[in-house]
Amino acid sequence: MLLWGWAWEGAERTPAEITSAGWCGTLTSPREVVLSDHAVRLEPATELTRLRRESLHYHSGAALAIPSFEASTANGLRLLLVDPSTGERKTVAESDGRSRLLVDGSLIELFGPGPSHTTRAYPGIDRHWVIESAGAIEVWRLGLPIDQP
């Protein structure tokens with residue numbers, strides 16, 4: 001079974017910014033509802049792997065200035081927004097254990113042990129993403145295939 005949700009705005013944007021932009025909230029990525037060990041879990045829909053365009057050579061703590069990406073690790077991770085001009089580092093999402101992270105613009109979805117986590121954050125031109133993990137991190141740039149109509 002597939003499930004979609006609606007991700008509301010967090011405290012990141014003011015009401016005036018929302019009014020000025022003319023939109024608020026976004027549809028989440030599709031999730032599969034899975035029964036495992038007598039518990040219901042949500043996982044990213046299998047078809048989302050088709051959005052992977054290229055594997056990136058990424059190491060923990062490096063800047064990531066792309067709008068859409070997926071990251072996977074067996075050791076847990078922490079996603080941060082970093083402002084290089086001020087050194088400010090804001091933790092957006094974190095997980096222990098095997099984790100899969102999907103970032104699409106301002107939509108952040110983290111799947112791992114325990115409940116999935118969805119939030120919103122805006123990197124903009126003055127801030128970039130950083131992923132930290134004690135282990136190896138696989139990162140893919142996401143996008144639609146160019147040859148599709």
# chains A, B, ... in the order shown; residues from 1 in each chain; ligands from 1
$ residues_around --residues "stretch 3-19 of chain A" --least-positions-apart "3" --cutoff "7 Å" --atoms "only C-alpha atoms" --output "JSON, numbers by chain"
{"A": [22, 23, 24, 25, 26, 27, 28, 29, 30, 31, 32, 33, 119, 120, 121]}
$ select_by_dssp --residues "chain A" --states "alpha helix (DSSP H)" --output "MDAnalysis selection string"
chainID A and resid 15:21
$ closest_residue --among "A:Ser85, A:Ser60, A:Ser99, A:Ser116" --to "A:Arg41" --atoms "only C-alpha atoms"
A:Ser116
$ closest_residue --among "A:Arg98, A:Arg52, A:Arg127, A:His117" --to "A:Leu81" --atoms "only C-alpha atoms"
A:Arg127
$ closest_residue --among "A:Gly105, A:Gly61, A:Pro115, A:Gly97" --to "A:Ala74" --atoms "only C-alpha atoms"
A:Gly97
